[in-house]
2 protein chains.
Amino acid sequence: MFSKACEYAIRALLFVAQKSKDGSKVGIKEIAKGIDSPEHFIAKILQDLSRKGLVLSQKGPSGGFYLDDSTLNISLADVVRTVDGDSIFSGCALGLKQCSETKPCPLHHEFKRIRDDISEMLQTAKLGEFNALLEKNKLFLKR
Amino acid sequence: MFSKACEYAIRALLFVAQKSKDGSKVGIKEIAKGIDSPEHFIAKILQDLSRKGLVLSQKGPSGGFYLDDSTLNISLADVVRTVDGDSIFSGCALGLKQCSETKPCPLHHEFKRIRDDISEMLQTAKLGEFNALLEKNKLFLKR
DNA sequence: AAAGAAAAAGACAAAAAACTCTTTTATTTG
DNA sequence: CAAATAAAAGAGTTTTTTGTCTTTTTCTTT
Ligand code: FES
Ligand code: FES
């Protein structure tokens, strides 16, 4: 469904979101532990997301990654699009070069609905909205 | 969503299904052209599917791949499971080692519905059921 | 200003996926 | 039987994805 990089990205940002609640910043090592991902790999991914403005960062002592009110409102759809491109939002289920109504693949009509459901799920979900449930251990980012 | 191998597999089997309607067999080259896929790659994939009984084959002149009444009734779910395993049917959207109700990831509750929709779509779709629409050019397997 | 901390950058390495090429084996047909 | 045909098998290659390691830059704190 998503690439590994994208899965890590989402989990990392949700982790950062949670920790950012009280304005504090999180280091790479803590993030990697918190979401059970390879440290250097998630570092790369976050560098990318940082360059593209989906997460904020600060170097030096007491630095780290964090989100502000604006970035806490970013949708998972934005994250997915940034990391994986928009194939999941508009690509053909059977790999035709381009999904189209006029030359549909055998799964097109059924798949369209599913794809739209995925889009809506991702568009609706915002980085900041899971903090409470994560805090209460009703939701998990690893294992 | 699916691996390239799996996309090709589905398209190839639907192509073979269509051509098998009147009991004839299709060679690899015709299949590759018919679904616009790398010839040797789809050959490998079909060898696999053949070994596992999802498609029938015959060597020698006038040989090729074909489906009989029994295999025409195989579901796309079977094909996907054979090629890609069952991660799409039961895996976690965010890559947790195991999707579970008791330790759900943030997307779990929404994603479960989507995953089930996908399962149903694939379980319902049988290899033989698209022949008529493919014949009439209402459905396509390439471009 | 100096030291230390932490992200950024860059260069590799390993593994998996996608794709290619060659040889072998089985089957049909003349 | 001989020749031709077509899948099966096996052994690569290339590309992409995933993951690691080292160095550099920037910032904070003392
Ligand atoms: S053409 Fe395949 S999903 Fe639309
Ligand atoms: S735990 Fe992630 S989808 Fe079920």
# chains A, B, ... in the order shown; residues from 1 in each chain; ligands from 1

call {"tool": "closest_atom_pairs", "arguments": {"of": "chain B", "to": "ligand 1", "cutoff": "9 Å", "atoms": "only C-alpha atoms and all ligand atoms", "output": "Markdown table"}}
result
| residue | atom | partner | partner_atom_place_in_ligand_line | distance |
| --- | --- | --- | --- | --- |
| B:Leu139 | CA | ligand 1 | 1 (S) | 8.7 |
| B:Phe140 | CA | ligand 1 | 1 (S) | 8.0 |
| B:Leu141 | CA | ligand 1 | 2 (Fe) | 8.7 |
| B:Arg143 | CA | ligand 1 | 1 (S) | 9.0 |

call {"tool": "write_last_selection", "arguments": {"atoms": "all heavy atoms", "output": "JSON list (two decimals), in the first residue's frame"}}
result
[["chain", "number", "residue", "atom", "x", "y", "z"],
["B", 139, "LEU", "N", -13.78, -3.02, -21.69],
["B", 139, "LEU", "CA", -12.71, -3.09, -20.69],
["B", 139, "LEU", "C", -11.39, -3.33, -21.41],
["B", 139, "LEU", "O", -11.37, -3.92, -22.49],
["B", 139, "LEU", "CB", -12.97, -4.24, -19.72],
["B", 139, "LEU", "CG", -14.17, -4.11, -18.78],
["B", 139, "LEU", "CD1", -14.31, -5.34, -17.92],
["B", 139, "LEU", "CD2", -14.05, -2.87, -17.91],
["B", 140, "PHE", "N", -10.30, -2.88, -20.78],
["B", 140, "PHE", "CA", -9.01, -2.96, -21.44],
["B", 140, "PHE", "C", -7.93, -3.54, -20.53],
["B", 140, "PHE", "O", -7.99, -3.40, -19.32],
["B", 140, "PHE", "CB", -8.61, -1.56, -21.91],
["B", 140, "PHE", "CG", -9.61, -0.96, -22.85],
["B", 140, "PHE", "CD1", -10.76, -0.33, -22.35],
["B", 140, "PHE", "CD2", -9.44, -1.03, -24.22],
["B", 140, "PHE", "CE1", -11.71, 0.23, -23.22],
["B", 140, "PHE", "CE2", -10.38, -0.49, -25.09],
["B", 140, "PHE", "CZ", -11.51, 0.13, -24.58],
["B", 141, "LEU", "N", -6.95, -4.17, -21.17],
["B", 141, "LEU", "CA", -5.85, -4.77, -20.39],
["B", 141, "LEU", "C", -4.51, -4.11, -20.67],
["B", 141, "LEU", "O", -3.48, -4.54, -20.17],
["B", 141, "LEU", "CB", -5.76, -6.27, -20.70],
["B", 141, "LEU", "CG", -6.96, -7.11, -20.23],
["B", 141, "LEU", "CD1", -6.85, -8.54, -20.72],
["B", 141, "LEU", "CD2", -7.07, -7.05, -18.72],
["B", 143, "ARG", "N", -2.48, -0.06, -21.89],
["B", 143, "ARG", "CA", -2.46, 1.40, -22.04],
["B", 143, "ARG", "C", -3.11, 2.12, -20.89],
["B", 143, "ARG", "O", -3.76, 1.63, -20.05],
["B", 143, "ARG", "CB", -3.16, 1.89, -23.33],
["B", 143, "ARG", "CG", -2.51, 1.41, -24.59],
["B", 143, "ARG", "CD", -1.01, 1.58, -24.53],
["B", 143, "ARG", "NE", -0.38, 0.40, -25.12],
["B", 143, "ARG", "CZ", 0.70, 0.39, -25.89],
["B", 143, "ARG", "NH1", 1.35, 1.51, -26.09],
["B", 143, "ARG", "NH2", 1.17, -0.69, -26.41]]

call {"tool": "select_by_dssp", "arguments": {"residues": "region 3-137 of chain B", "states": "alpha helix (DSSP H)", "output": "ChimeraX atom specification"}}
result
/B:4-20,28-35,39-51,76-84,87-90,108-124,131-135

call {"tool": "atom_distance", "arguments": {"atom1": "CA of Leu49 (chain B)", "atom2": "CA of Val83 (chain B)"}}
result
8.2 Å

call {"tool": "closest_residue", "arguments": {"among": "A:Asp86, A:Glu129, A:Met1, A:Asp78", "to": "ligand 2", "atoms": "only C-alpha atoms and all ligand atoms"}}
result
A:Met1

call {"tool": "residues_near_ligand", "arguments": {"ligand": "ligand 2", "cutoff": "7 Å", "atoms": "only C-alpha atoms (C1' of nucleotides) and all ligand atoms", "output": "list in words"}}
result
Gly91, Cys92, Ala93, Leu94, Gly95, Leu96, Gln98, Cys99, Ser100, Glu101, Lys103, Pro104, Cys105, Pro106, Leu107, His108, His109, Phe111 and Lys112 of chain B

call {"tool": "closest_atom_pairs", "arguments": {"of": "chain A", "to": "chain D", "cutoff": "6 Å", "atoms": "only C-alpha atoms (C1' of nucleotides)", "output": "Markdown table"}}
result
| residue | atom | partner | partner_atom | distance |
| --- | --- | --- | --- | --- |
| A:Lys59 | CA | D:DC27 | C1' | 5.4 |
| A:Gly60 | CA | D:DC27 | C1' | 4.2 |
| A:Pro61 | CA | D:DT28 | C1' | 5.2 |

call {"tool": "interface_residues", "arguments": {"of": "chain C", "to": "chain B", "cutoff": "9 Å", "atoms": "only C-alpha atoms (C1' of nucleotides)", "output": "ChimeraX atom specification"}}
result
/C:17-21,26-29

call {"tool": "closest_atom_pairs", "arguments": {"of": "region 61-110 of chain A", "to": "region 19-37 of chain A", "cutoff": "7 Å", "atoms": "only C-alpha atoms", "output": "Markdown table"}}
result
| residue | atom | partner | partner_atom | distance |
| --- | --- | --- | --- | --- |
| A:Gly63 | CA | A:Lys25 | CA | 6.3 |
| A:Gly64 | CA | A:Gly27 | CA | 4.5 |
| A:Phe65 | CA | A:Val26 | CA | 5.2 |
| A:Tyr66 | CA | A:Lys25 | CA | 5.1 |
| A:Leu67 | CA | A:Ser20 | CA | 5.9 |

call {"tool": "write_last_selection", "arguments": {"atoms": "all heavy atoms", "output": "compact mmCIF listing (two decimals), in the first residue's frame"}}
result
# COMPACT_ATOMS: atom_id res chain seq x y z
N GLY A 63 17.81 21.03 20.49
CA GLY A 63 17.11 21.07 19.21
C GLY A 63 16.38 19.77 18.96
O GLY A 63 16.27 18.91 19.83
N GLY A 64 15.86 19.62 17.72
CA GLY A 64 15.12 18.41 17.38
C GLY A 64 14.01 18.74 16.39
O GLY A 64 13.97 19.83 15.82
N PHE A 65 13.11 17.82 16.22
CA PHE A 65 11.99 18.01 15.31
C PHE A 65 10.73 18.39 16.10
O PHE A 65 10.54 17.93 17.22
CB PHE A 65 11.74 16.73 14.50
CG PHE A 65 12.86 16.40 13.56
CD1 PHE A 65 13.93 15.61 13.97
CD2 PHE A 65 12.85 16.89 12.25
CE1 PHE A 65 14.97 15.32 13.09
CE2 PHE A 65 13.89 16.59 11.37
CZ PHE A 65 14.95 15.81 11.80
N TYR A 66 9.92 19.20 15.47
CA TYR A 66 8.67 19.58 16.15
C TYR A 66 7.65 20.07 15.13
O TYR A 66 7.97 20.30 13.96
CB TYR A 66 8.95 20.68 17.19
CG TYR A 66 9.47 21.97 16.59
CD1 TYR A 66 8.63 23.08 16.43
CD2 TYR A 66 10.79 22.07 16.16
CE1 TYR A 66 9.11 24.25 15.88
CE2 TYR A 66 11.27 23.24 15.60
CZ TYR A 66 10.43 24.34 15.46
OH TYR A 66 10.89 25.49 14.90
N LEU A 67 6.43 20.24 15.60
CA LEU A 67 5.36 20.74 14.74
C LEU A 67 4.73 21.94 15.43
O LEU A 67 4.66 21.99 16.65
CB LEU A 67 4.31 19.66 14.51
CG LEU A 67 4.76 18.40 13.77
CD1 LEU A 67 3.70 17.32 13.84
CD2 LEU A 67 5.09 18.71 12.32

call {"tool": "closest_residue", "arguments": {"among": "A:Gln123, A:Thr102, A:Ser57, A:Thr71", "to": "chain B", "atoms": "only C-alpha atoms"}}
result
A:Thr102

call {"tool": "atom_distance", "arguments": {"atom1": "CA of Glu7 (chain A)", "atom2": "CA of Ile118 (chain A)"}}
result
14.8 Å

call {"tool": "select_by_dssp", "arguments": {"residues": "chain A", "states": "strand (DSSP E)", "output": "PyMOL selection string"}}
result
chain A and resi 56-58+64-66

call {"tool": "write_last_selection", "arguments": {"atoms": "C-alpha atoms", "output": "short mmCIF file (atom, residue, chain, number, x, y, z; two decimals), in the first residue's frame"}}
result
data_model
loop_
_atom_site.label_atom_id
_atom_site.label_comp_id
_atom_site.auth_asym_id
_atom_site.auth_seq_id
_atom_site.Cartn_x
_atom_site.Cartn_y
_atom_site.Cartn_z
CA LEU A 56 10.11 21.80 11.55
CA SER A 57 13.56 21.25 12.94
CA GLN A 58 16.23 22.98 14.92
CA GLY A 64 15.12 18.41 17.38
CA PHE A 65 11.99 18.01 15.31
CA TYR A 66 8.67 19.58 16.15
#

call {"tool": "closest_residue", "arguments": {"among": "A:Leu54, A:Glu135, A:Ile114, A:Gln18", "to": "chain B", "atoms": "only C-alpha atoms"}}
result
A:Ile114

call {"tool": "closest_residue", "arguments": {"among": "B:Asp84, B:Asp68, B:Asp48, B:Asp117", "to": "chain A", "atoms": "only C-alpha atoms"}}
result
B:Asp117

call {"tool": "closest_residue", "arguments": {"among": "B:Ala43, B:Met121, B:Val55, B:Ala132", "to": "chain A", "atoms": "only C-alpha atoms"}}
result
B:Met121

call {"tool": "closest_residue", "arguments": {"among": "A:Lys126, A:Arg81, A:Arg115, A:Lys97", "to": "chain B", "atoms": "only C-alpha atoms"}}
result
A:Lys97

call {"tool": "atom_distance", "arguments": {"atom1": "CA of Gln47 (chain B)", "atom2": "CA of Val16 (chain B)"}}
result
13.7 Å

call {"tool": "decode", "arguments": {"residues": "region 58-73 of chain B", "atoms": "all heavy atoms", "output": "short mmCIF file (atom, residue, chain, number, x, y, z; two decimals), in the first residue's frame"}}
result
data_model
loop_
_atom_site.label_atom_id
_atom_site.label_comp_id
_atom_site.auth_asym_id
_atom_site.auth_seq_id
_atom_site.Cartn_x
_atom_site.Cartn_y
_atom_site.Cartn_z
N GLN B 58 0.58 -26.05 -22.04
CA GLN B 58 1.00 -27.20 -22.82
C GLN B 58 2.18 -26.81 -23.69
O GLN B 58 2.17 -25.76 -24.33
CB GLN B 58 -0.16 -27.67 -23.71
CG GLN B 58 0.15 -29.01 -24.37
CD GLN B 58 -1.08 -29.60 -24.98
OE1 GLN B 58 -1.93 -28.88 -25.50
NE2 GLN B 58 -1.20 -30.91 -24.93
N LYS B 59 3.19 -27.65 -23.65
CA LYS B 59 4.39 -27.38 -24.46
C LYS B 59 4.16 -27.78 -25.91
O LYS B 59 3.16 -28.42 -26.24
CB LYS B 59 5.57 -28.17 -23.91
CG LYS B 59 6.12 -27.67 -22.58
CD LYS B 59 7.33 -28.50 -22.19
CE LYS B 59 7.99 -27.99 -20.94
NZ LYS B 59 9.20 -28.78 -20.60
N GLY B 60 5.15 -27.44 -26.72
CA GLY B 60 5.13 -27.89 -28.11
C GLY B 60 4.20 -27.11 -29.02
O GLY B 60 3.46 -26.24 -28.59
N PRO B 61 4.27 -27.45 -30.31
CA PRO B 61 3.47 -26.77 -31.33
C PRO B 61 1.99 -26.78 -30.96
O PRO B 61 1.50 -27.79 -30.45
CB PRO B 61 3.73 -27.61 -32.58
CG PRO B 61 5.03 -28.27 -32.35
CD PRO B 61 5.12 -28.51 -30.89
N SER B 62 1.34 -25.70 -31.25
CA SER B 62 -0.07 -25.48 -30.90
C SER B 62 -0.29 -25.53 -29.39
O SER B 62 -1.42 -25.65 -28.93
CB SER B 62 -0.97 -26.50 -31.60
OG SER B 62 -1.09 -27.68 -30.87
N GLY B 63 0.80 -25.42 -28.64
CA GLY B 63 0.69 -25.35 -27.19
C GLY B 63 0.50 -23.91 -26.74
O GLY B 63 0.32 -23.00 -27.56
N GLY B 64 0.56 -23.69 -25.44
CA GLY B 64 0.38 -22.36 -24.88
C GLY B 64 -0.32 -22.42 -23.54
O GLY B 64 -0.44 -23.50 -22.95
N PHE B 65 -0.78 -21.28 -23.09
CA PHE B 65 -1.48 -21.23 -21.81
C PHE B 65 -2.98 -21.18 -22.03
O PHE B 65 -3.46 -20.62 -23.01
CB PHE B 65 -1.02 -20.00 -21.02
CG PHE B 65 0.41 -20.06 -20.61
CD1 PHE B 65 1.41 -19.57 -21.45
CD2 PHE B 65 0.78 -20.60 -19.38
CE1 PHE B 65 2.74 -19.63 -21.07
CE2 PHE B 65 2.12 -20.67 -19.00
CZ PHE B 65 3.10 -20.18 -19.85
N TYR B 66 -3.70 -21.78 -21.09
CA TYR B 66 -5.16 -21.77 -21.21
C TYR B 66 -5.82 -22.01 -19.87
O TYR B 66 -5.14 -22.37 -18.89
CB TYR B 66 -5.62 -22.83 -22.22
CG TYR B 66 -5.30 -24.25 -21.80
CD1 TYR B 66 -6.29 -25.08 -21.28
CD2 TYR B 66 -4.00 -24.75 -21.92
CE1 TYR B 66 -5.99 -26.38 -20.88
CE2 TYR B 66 -3.70 -26.04 -21.52
CZ TYR B 66 -4.70 -26.86 -21.00
OH TYR B 66 -4.40 -28.13 -20.59
N LEU B 67 -7.10 -21.79 -19.80
CA LEU B 67 -7.86 -22.04 -18.58
C LEU B 67 -9.02 -22.96 -18.91
O LEU B 67 -9.57 -22.91 -20.02
CB LEU B 67 -8.39 -20.71 -18.02
CG LEU B 67 -7.35 -19.68 -17.58
CD1 LEU B 67 -8.00 -18.34 -17.29
CD2 LEU B 67 -6.57 -20.16 -16.37
N ASP B 68 -9.38 -23.80 -17.96
CA ASP B 68 -10.55 -24.65 -18.18
C ASP B 68 -11.69 -24.15 -17.27
O ASP B 68 -11.55 -23.14 -16.59
CB ASP B 68 -10.22 -26.12 -17.90
CG ASP B 68 -9.75 -26.33 -16.47
OD1 ASP B 68 -9.88 -25.40 -15.64
OD2 ASP B 68 -9.24 -27.42 -16.17
N ASP B 69 -12.78 -24.87 -17.27
CA ASP B 69 -13.94 -24.40 -16.50
C ASP B 69 -13.59 -24.19 -15.03
O ASP B 69 -14.06 -23.24 -14.41
CB ASP B 69 -15.08 -25.43 -16.60
CG ASP B 69 -15.74 -25.35 -17.97
OD1 ASP B 69 -15.49 -24.35 -18.68
OD2 ASP B 69 -16.49 -26.27 -18.32
N SER B 70 -12.76 -25.05 -14.51
CA SER B 70 -12.41 -24.94 -13.10
C SER B 70 -11.54 -23.72 -12.83
O SER B 70 -11.80 -22.93 -11.93
CB SER B 70 -11.72 -26.24 -12.67
OG SER B 70 -10.83 -25.99 -11.62
N THR B 71 -10.50 -23.54 -13.63
CA THR B 71 -9.60 -22.41 -13.40
C THR B 71 -10.23 -21.07 -13.78
O THR B 71 -9.86 -20.03 -13.25
CB THR B 71 -8.28 -22.60 -14.17
OG1 THR B 71 -8.56 -23.04 -15.48
CG2 THR B 71 -7.39 -23.62 -13.48
N LEU B 72 -11.18 -21.11 -14.68
CA LEU B 72 -11.87 -19.86 -15.03
C LEU B 72 -12.64 -19.31 -13.83
O LEU B 72 -13.00 -18.14 -13.80
CB LEU B 72 -12.86 -20.09 -16.18
CG LEU B 72 -12.26 -20.05 -17.59
CD1 LEU B 72 -13.26 -20.55 -18.61
CD2 LEU B 72 -11.79 -18.64 -17.93
N ASN B 73 -12.85 -20.17 -12.87
CA ASN B 73 -13.60 -19.75 -11.69
C ASN B 73 -12.72 -19.31 -10.52
O ASN B 73 -13.20 -19.02 -9.44
CB ASN B 73 -14.53 -20.89 -11.25
CG ASN B 73 -15.69 -20.35 -10.45
OD1 ASN B 73 -16.25 -19.31 -10.79
ND2 ASN B 73 -16.04 -21.04 -9.38
#
